[in-house]
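Here the structure comes first, spelled out in structure tokens, and everything after it is commentary.
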Amino acid sequence: MSAKKIPYKMYLSEEEMPKTWLNLKAFMPDQHDPFLNPATGKPCTAEELEAVFCTECVEQELNSTDREIEIPADIRNFYKTFRPSPLVRAYFLEEMLKTPAQIYYKFEGNNTSGSHKLNSAAAQAYYAKKQGLTSVTTETGAGQWGTALAMACAFYGLDLKVFMVKTSYEQKPYRKEVMKTYGADVVASPSDTTEAGRKILSEFPGTGGSLGCAIAEAVETAVKTQNCRYVLGSVLDHVLLHQTVIGQESKIALDKYGVQPDVVIGCAGGGSNFGGLIAPFMAEKLQGKNNIDFIGVEPASCPSMSRGKYAYDFCDSAKITPLAKMYTLGCGFMPSPDHAGGLRYHGMSPVVSKLYHDGYMRVRAVKQTEVFAAAEKFARCEGILPAPESSHAIKVAMDEAIKCRETGEKKVILFGLTGTGYFDLAAYKSFNEGTMKDYIPTEEDLARGFASLPRL
Ligand SMILES: *Cc1c(COP(=O)(O)O)cnc(C)c1O
């Protein structure tokens, strides 16, 4: 290890920022199974995908050979409005935990969207504009993705319609105002503006909505609108690709100090920040150059990997998207509306799923009360109010550091702090007031979700 004293915060210069995204798939010995067209049961063609997504994003989605993909200069310049993000040595957390471990976190919350999602929003809006589109649609759950995309669309001059999961729409009125400030049209989902929304409203009149349903509405609107495409903030390979700036910046900074992580931890909802954080380290592991312990953390209330099936499933609950081979609880799985801790998606990135299935990483599922307890400890010593999603990674990083205290190991732990929790204060309130509950699906809940899996 280098003798250089490691600072509290490591920032790269603009020149040091990555000029390419890292295509993790090109390092994987086996590729995940292709998307299937549910109508034919055959792999989706590029043309089929291009009816829904931007052309360049489809090319990236299907590219499993180029190890690096250039980040256009326009996007790199946009990135400079909010990147590089700091890599922080968590000296205060180490001290609080009395651990011999070194803890680092990459903080992605330093932009108005409050999360890493702007990394992919910037890229996707750029490609939509370049293709000559005039508008895009999307869904948003907690609101970070919708905000990120609203910012990117404002930057590139595109119209945006956001279908926001109804529970969030009602719980987070200020999120909506942020998106509107950036020019987005925000609709509560399920809405009566689409067939998918009307169908779900008639079947489940009082529903608070779900990400899957909002996706269905956004896709339907995109394909029915001229010069419009749908953009997705997670799960897909090209989104994960854009998020590799997180891992690459982290690795460049750590390399400067001769630091090599032993454990890399990220929260996993759809898997994009986790995939992006681990990418350069995992690429080396796949080449036999390290033996890092990678841990994806998911909520016990929506345990896609730890209790899900590795199967083909729809990406949305209205069953209109292509089928992806992934860990899934079934597109009909409805996470408890009482779960405030984010990461409520039924499936998982096909790339992350494949890595997990092939034994290159492990998974932990944690309960939301223990996640908020960790968030509070972290906030009090490191200062940042973390997003509930990010706090899943904090919880497991703290557990790993406590294990080091017990064994005396001086492990280097890196985790992703994906965002801030300023719009999650209703959840913090229920934690502070002691009314927050843990929700763990029963075997029957899971069986009901699995029953919704398509039969192939
Ligand atoms: C969206 C979000 C996540 C989860 O999404 P992934 O695609 O799994 O990365 C995690 N943290 C924050 C702050 C988010 O906004």
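Residue numbering restarts at 1 for every chain of the structure tokens, chains are lettered A, B, ... in their displayed order, and ligands are numbered from 1 as they appear.
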
Quiz item: Which neighbours of Phe378 (chain A) fall inside 7 Å, counting only C-alpha atoms, when residues of the same chain fewer than 4 positions from it are skipped, and could you give them as a ChimeraX atom specification?
Solution: /A:93,374,382

Practice problem: Enumerate as number ranges by chain the residues within 6 Å of ligand 1, counting only C-alpha atoms and all ligand atoms. | Solution: A: 115, 144, 234, 268-274, 343, 387, 389-390, 418-419

Self-check item: Close residues, Tyr257 (chain A) itself excluded, 12 Å, only C-alpha atoms, min 3 positions apart in chain, as an NGL selection string
Solution: :A and (1-7 or 10 or 89 or 250-254 or 260-261)

Next, dump the selected residues to file, keeping only N, CA and C atoms, as a compact mmCIF listing (two decimals), in the first residue's frame.
```txt
# COMPACT_ATOMS: atom_id res chain seq x y z
N MET A 1 0.83 -1.22 0.00
CA MET A 1 0.00 0.00 0.00
C MET A 1 0.86 1.26 0.00
N SER A 2 0.38 2.24 -0.66
CA SER A 2 1.09 3.52 -0.75
C SER A 2 1.14 4.19 0.61
N ALA A 3 2.19 4.93 0.83
CA ALA A 3 2.34 5.63 2.10
C ALA A 3 1.59 6.96 2.07
N LYS A 4 1.11 7.33 0.88
CA LYS A 4 0.42 8.62 0.76
C LYS A 4 -0.78 8.67 1.69
N LYS A 5 -0.91 9.74 2.41
CA LYS A 5 -2.06 9.92 3.30
C LYS A 5 -3.32 10.07 2.44
N ILE A 6 -4.31 9.29 2.77
CA ILE A 6 -5.52 9.33 1.96
C ILE A 6 -6.44 10.45 2.45
N PRO A 7 -6.80 11.37 1.53
CA PRO A 7 -7.64 12.50 1.96
C PRO A 7 -9.07 12.07 2.27
N MET A 10 -11.74 12.50 -2.46
CA MET A 10 -10.92 12.42 -3.65
C MET A 10 -11.75 12.85 -4.86
N ARG A 89 -13.40 8.96 1.81
CA ARG A 89 -12.91 8.01 2.81
C ARG A 89 -13.72 8.29 4.08
N SER A 250 -14.28 5.78 -9.46
CA SER A 250 -13.83 5.24 -8.16
C SER A 250 -12.48 4.55 -8.31
N LYS A 251 -12.37 3.75 -9.37
CA LYS A 251 -11.15 2.96 -9.55
C LYS A 251 -9.95 3.86 -9.87
N ILE A 252 -10.19 4.87 -10.71
CA ILE A 252 -9.09 5.79 -11.04
C ILE A 252 -8.58 6.47 -9.76
N ALA A 253 -9.51 6.91 -8.92
CA ALA A 253 -9.12 7.59 -7.67
C ALA A 253 -8.39 6.64 -6.73
N LEU A 254 -8.90 5.43 -6.57
CA LEU A 254 -8.26 4.46 -5.66
C LEU A 254 -6.89 4.06 -6.17
N GLN A 260 -6.67 -1.08 -3.23
CA GLN A 260 -7.46 -2.08 -3.95
C GLN A 260 -8.57 -2.56 -3.02
N PRO A 261 -9.84 -2.44 -3.43
CA PRO A 261 -10.90 -2.89 -2.52
C PRO A 261 -10.94 -4.42 -2.36
```

Self-check item: Å distance separating CA of Leu323 (chain A) from CA of Phe294 (chain A), one decimal place
Solution: 26.7 Å

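By only C-alpha atoms, and with residues fewer than 2 positions from region 54-68 of chain A along its chain excluded, the set lying at most 7 Å from it is Thr20, Trp21, Leu22, Asn23, Leu24, Lys25, Ala26, Ala46, Leu49, Glu50, Glu70, Tyr127, Ala128, Arg229, Asp237 and His238 of chain A.
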
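Across A:Arg364, A:Lys199, A:Lys166, A:Lys172, the tightest approach to Ala397 (chain A) is made by A:Arg364 when counting only C-alpha atoms.
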
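The gap separating CA of Glu217 (chain A) from CA of Ser202 (chain A) is 14.7 Å, in Å to one decimal.
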
Self-check item: Selection near Ala101 (chain A), 7 Å with only C-alpha atoms, sequence-local residues under 3 positions removed, as a PyMOL selection string
Solution: chain A and resi 401+404+409-412

Mind writing the picked residues with N, CA, C and O atoms as a PDB file, in the first residue's frame?
```pdb
ATOM      1  N   ALA A 401     -17.814  -4.000   8.134  1.00  0.00           N
ATOM      2  CA  ALA A 401     -16.799  -3.320   8.938  1.00  0.00           C
ATOM      3  C   ALA A 401     -16.821  -3.821  10.378  1.00  0.00           C
ATOM      4  O   ALA A 401     -15.770  -3.948  11.018  1.00  0.00           O
ATOM      5  N   CYS A 404     -15.005  -7.000  10.606  1.00  0.00           N
ATOM      6  CA  CYS A 404     -13.556  -6.752  10.646  1.00  0.00           C
ATOM      7  C   CYS A 404     -13.113  -6.399  12.068  1.00  0.00           C
ATOM      8  O   CYS A 404     -12.019  -6.764  12.486  1.00  0.00           O
ATOM      9  N   GLU A 409      -9.463  -8.030  10.807  1.00  0.00           N
ATOM     10  CA  GLU A 409      -9.066  -7.871   9.406  1.00  0.00           C
ATOM     11  C   GLU A 409      -9.138  -6.406   8.984  1.00  0.00           C
ATOM     12  O   GLU A 409     -10.076  -5.703   9.333  1.00  0.00           O
ATOM     13  N   LYS A 410      -8.147  -6.000   8.169  1.00  0.00           N
ATOM     14  CA  LYS A 410      -8.119  -4.610   7.702  1.00  0.00           C
ATOM     15  C   LYS A 410      -8.634  -4.529   6.272  1.00  0.00           C
ATOM     16  O   LYS A 410      -7.933  -4.072   5.370  1.00  0.00           O
ATOM     17  N   LYS A 411      -9.834  -4.994   6.074  1.00  0.00           N
ATOM     18  CA  LYS A 411     -10.370  -5.010   4.708  1.00  0.00           C
ATOM     19  C   LYS A 411     -10.632  -3.606   4.197  1.00  0.00           C
ATOM     20  O   LYS A 411     -10.924  -2.694   4.957  1.00  0.00           O
ATOM     21  N   VAL A 412     -10.527  -3.475   2.878  1.00  0.00           N
ATOM     22  CA  VAL A 412     -10.901  -2.226   2.223  1.00  0.00           C
ATOM     23  C   VAL A 412     -12.309  -2.409   1.650  1.00  0.00           C
ATOM     24  O   VAL A 412     -12.536  -3.288   0.812  1.00  0.00           O
TER      25      VAL A 412
END
```

Quiz item: Contacts of Gly266 (chain A) at 7 Å or less, counting only C-alpha atoms, minus same-chain residues fewer than 5 places along, as a VMD selection string?
Solution: chain A and resid 274 295 to 297 393 415 to 416

Self-check item: Secondary structure check, helix (DSSP H, G or I) residues of region 209-299 of chain A, as a ChimeraX atom specification
Solution: /A:211-224,237-242,244-256,272-286

Mind dumping the selected residues with C-alpha atoms as a PDB file, in the first residue's frame?
```
ATOM      1  CA  LEU A 211     -43.285   0.666 -11.386  1.00  0.00           C
ATOM      2  CA  GLY A 212     -44.347  -2.134 -13.721  1.00  0.00           C
ATOM      3  CA  CYS A 213     -47.682  -0.462 -14.391  1.00  0.00           C
ATOM      4  CA  ALA A 214     -46.088   2.947 -14.945  1.00  0.00           C
ATOM      5  CA  ILE A 215     -43.659   1.364 -17.433  1.00  0.00           C
ATOM      6  CA  ALA A 216     -46.566  -0.132 -19.344  1.00  0.00           C
ATOM      7  CA  GLU A 217     -48.252   3.269 -19.610  1.00  0.00           C
ATOM      8  CA  ALA A 218     -45.061   5.003 -20.706  1.00  0.00           C
ATOM      9  CA  VAL A 219     -44.277   2.383 -23.368  1.00  0.00           C
ATOM     10  CA  GLU A 220     -47.809   2.484 -24.729  1.00  0.00           C
ATOM     11  CA  THR A 221     -47.708   6.286 -24.976  1.00  0.00           C
ATOM     12  CA  ALA A 222     -44.295   6.229 -26.671  1.00  0.00           C
ATOM     13  CA  VAL A 223     -45.290   3.776 -29.391  1.00  0.00           C
ATOM     14  CA  LYS A 224     -48.531   5.661 -30.076  1.00  0.00           C
ATOM     15  CA  ASP A 237     -27.775  -3.222 -20.338  1.00  0.00           C
ATOM     16  CA  HIS A 238     -27.277   0.222 -21.884  1.00  0.00           C
ATOM     17  CA  VAL A 239     -28.386   1.936 -18.669  1.00  0.00           C
ATOM     18  CA  LEU A 240     -25.897  -0.136 -16.715  1.00  0.00           C
ATOM     19  CA  LEU A 241     -23.280   0.794 -19.317  1.00  0.00           C
ATOM     20  CA  HIS A 242     -23.845   4.528 -18.729  1.00  0.00           C
ATOM     21  CA  THR A 244     -20.015   2.606 -15.349  1.00  0.00           C
ATOM     22  CA  VAL A 245     -18.688   6.155 -14.895  1.00  0.00           C
ATOM     23  CA  ILE A 246     -19.333   5.536 -11.164  1.00  0.00           C
ATOM     24  CA  GLY A 247     -17.041   2.539 -10.925  1.00  0.00           C
ATOM     25  CA  GLN A 248     -14.445   3.916 -13.305  1.00  0.00           C
ATOM     26  CA  GLU A 249     -14.060   7.193 -11.422  1.00  0.00           C
ATOM     27  CA  SER A 250     -13.834   5.241  -8.161  1.00  0.00           C
ATOM     28  CA  LYS A 251     -11.148   2.964  -9.551  1.00  0.00           C
ATOM     29  CA  ILE A 252      -9.089   5.792 -11.038  1.00  0.00           C
ATOM     30  CA  ALA A 253      -9.122   7.593  -7.674  1.00  0.00           C
ATOM     31  CA  LEU A 254      -8.264   4.463  -5.656  1.00  0.00           C
ATOM     32  CA  ASP A 255      -5.488   3.490  -8.076  1.00  0.00           C
ATOM     33  CA  LYS A 256      -3.851   6.873  -7.512  1.00  0.00           C
ATOM     34  CA  SER A 272     -27.909  -0.197 -12.712  1.00  0.00           C
ATOM     35  CA  ASN A 273     -25.867   1.603 -10.052  1.00  0.00           C
ATOM     36  CA  PHE A 274     -24.599  -1.696  -8.681  1.00  0.00           C
ATOM     37  CA  GLY A 275     -23.573  -2.873 -12.145  1.00  0.00           C
ATOM     38  CA  GLY A 276     -21.969   0.484 -12.886  1.00  0.00           C
ATOM     39  CA  LEU A 277     -20.074   0.585  -9.597  1.00  0.00           C
ATOM     40  CA  ILE A 278     -18.686  -2.928  -9.858  1.00  0.00           C
ATOM     41  CA  ALA A 279     -17.980  -2.850 -13.631  1.00  0.00           C
ATOM     42  CA  PRO A 280     -14.226  -2.094 -13.752  1.00  0.00           C
ATOM     43  CA  PHE A 281     -13.518  -4.245 -10.694  1.00  0.00           C
ATOM     44  CA  MET A 282     -15.675  -7.100 -11.957  1.00  0.00           C
ATOM     45  CA  ALA A 283     -14.022  -6.869 -15.393  1.00  0.00           C
ATOM     46  CA  GLU A 284     -10.717  -7.558 -13.633  1.00  0.00           C
ATOM     47  CA  LYS A 285     -12.205 -10.371 -11.579  1.00  0.00           C
ATOM     48  CA  LEU A 286     -13.496 -11.976 -14.765  1.00  0.00           C
TER      49      LEU A 286
END
```

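Distance-wise, CA of Gly383 (chain A) and CA of Gln243 (chain A) end up 24.8 Å apart.
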
Quiz prompt | Selection: 8 Å around Met179 (chain A), only C-alpha atoms, excl. self and same-chain fewer than 3 positions, as a ChimeraX atom specification | solution = /A:146-147,150-151,175-176,182-186

Self-check item: Counting only C-alpha atoms, the residue of A:Arg455, A:Arg344, A:His392, A:Lys377 that sits nearest Ala365 (chain A)
Solution: A:His392

Quiz item: In terms of the shortest atom-to-atom distance over only C-alpha atoms, which of A:Val165, A:Leu417, A:Leu160, A:Ile200 is closest to Phe107 (chain A)?
Solution: A:Leu417

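When only C-alpha atoms are used to measure the gap to Glu195 (chain A), the shortest distance among A:Ala324, A:Ala318, A:Gly132, A:Asp293 belongs to A:Ala318.
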
Quiz item: Got a sec to tell me which of region 130-329 of chain A DSSP assigns to strand (DSSP E or B), as a PyMOL selection string?
Solution: chain A and resi 135-140+159-165+185-189+228-230+263-267+293-299+309-314+323-328
